[in-house]
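The block underneath contains the structure these notes are about, expressed in structure tokens.
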Amino acid sequence: MTRRKSPARTAAPKSPRKPRRVRCVWTIAEDPPATEIAPPEPLPPAKPPRPQRRRFRIPHRCTMGFQYYDERHDEHVVSRPVPKLRLSGRWLEQCGFAVGDDLQVTVGRGVLLVSRRTRG
């Protein structure tokens, strides 16, 4: 529902405004000659940068993941989840492991030991 405006309430046409005359008040300032400018003060000597040895967080707990492994039962293929562990990070590098190292994995009941194999 909309209301109609009553004829008595119509607005009178607005008179155009006269532009205001604005007086400019500006001060002109010139730059001083280059001979009057003092040289900048030298900066204090910077400290030599420290070699950054960033410590990476070594995980102390994690959750065993899984992946599906296909097994054959007669003529059927059945996908079955098997445990999966993946280790990665700079913390391994910090602990002495490098890309391409030979690893030795020793397995015990509830214990998994991963160590670098010595060459030779």
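In the structure tokens, chains take letters A, B, ... by order of appearance, with residues numbered from 1 within each chain and ligands from 1 in the order shown.
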Can you tell me which residues surround Arg55 of chain A at a distance of at most 10 Å, considering only C-alpha atoms, apart from same-chain residues fewer than 5 positions away, and format the answer as an NGL selection string? :A and (90-91 or 94)
Output file for the residues above (C-alpha atoms, as a PDB file, in the first residue's frame):
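Full text of part.pdb as output:
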```pdb
ATOM      1  CA  ARG A  90      63.530 -29.874   8.258  1.00  0.00           C
ATOM      2  CA  TRP A  91      63.747 -31.343  11.726  1.00  0.00           C
ATOM      3  CA  GLN A  94      68.578 -30.994  11.852  1.00  0.00           C
TER       4      GLN A  94
END
```
Any idea what the distance is between atom CA of Asp102 of chain A and atom CA of Thr118 of chain A?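 Taking atom CA of Asp102 of chain A as the start and atom CA of Thr118 of chain A as the end point, the length is 7.9 Å.
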Find the residues around Gly65 of chain A up to 12 Å (only C-alpha atoms counted), leave out those fewer than 2 positions away in its own chain, and share them as a list in words. Cys62, Thr63, Gln67, Tyr68, Pro81, Val82, Pro83, Lys84, Leu85, Arg86 and Leu87 of chain A
Find the residues near segment 109-115 of chain A: any atom within 12 Å, counting only C-alpha atoms, skip ones fewer than 4 places away on the same chain, and give them as a list in words. Leu85, Leu87, Leu92, Cys95, Gly96, Phe97, Ala98, Asp101, Asp102, Leu103, Gln104 and Val105 of chain A
Output C-alpha atoms for every residue in the selection just made, as a short mmCIF file (atom, residue, chain, number, x, y, z; two decimals), in the first residue's frame.
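The resulting file, result01.cif, is shown below:
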```
data_model
loop_
_atom_site.label_atom_id
_atom_site.label_comp_id
_atom_site.auth_asym_id
_atom_site.auth_seq_id
_atom_site.Cartn_x
_atom_site.Cartn_y
_atom_site.Cartn_z
CA LEU A 85 53.77 -43.62 8.51
CA LEU A 87 58.13 -38.60 8.11
CA LEU A 92 65.01 -34.58 10.11
CA CYS A 95 68.79 -34.48 13.41
CA GLY A 96 71.43 -35.57 10.88
CA PHE A 97 69.37 -37.07 8.04
CA ALA A 98 69.90 -35.89 4.47
CA ASP A 101 70.83 -41.24 2.87
CA ASP A 102 70.66 -45.00 3.30
CA LEU A 103 68.42 -45.81 6.26
CA GLN A 104 68.23 -48.79 8.54
CA VAL A 105 64.85 -49.58 10.08
#
```
Quote the spacing between atom CA of His60 of chain A and atom CA of Arg119 of chain A in Å to one decimal place.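 Here the two named atoms are 28.6 Å from each other.
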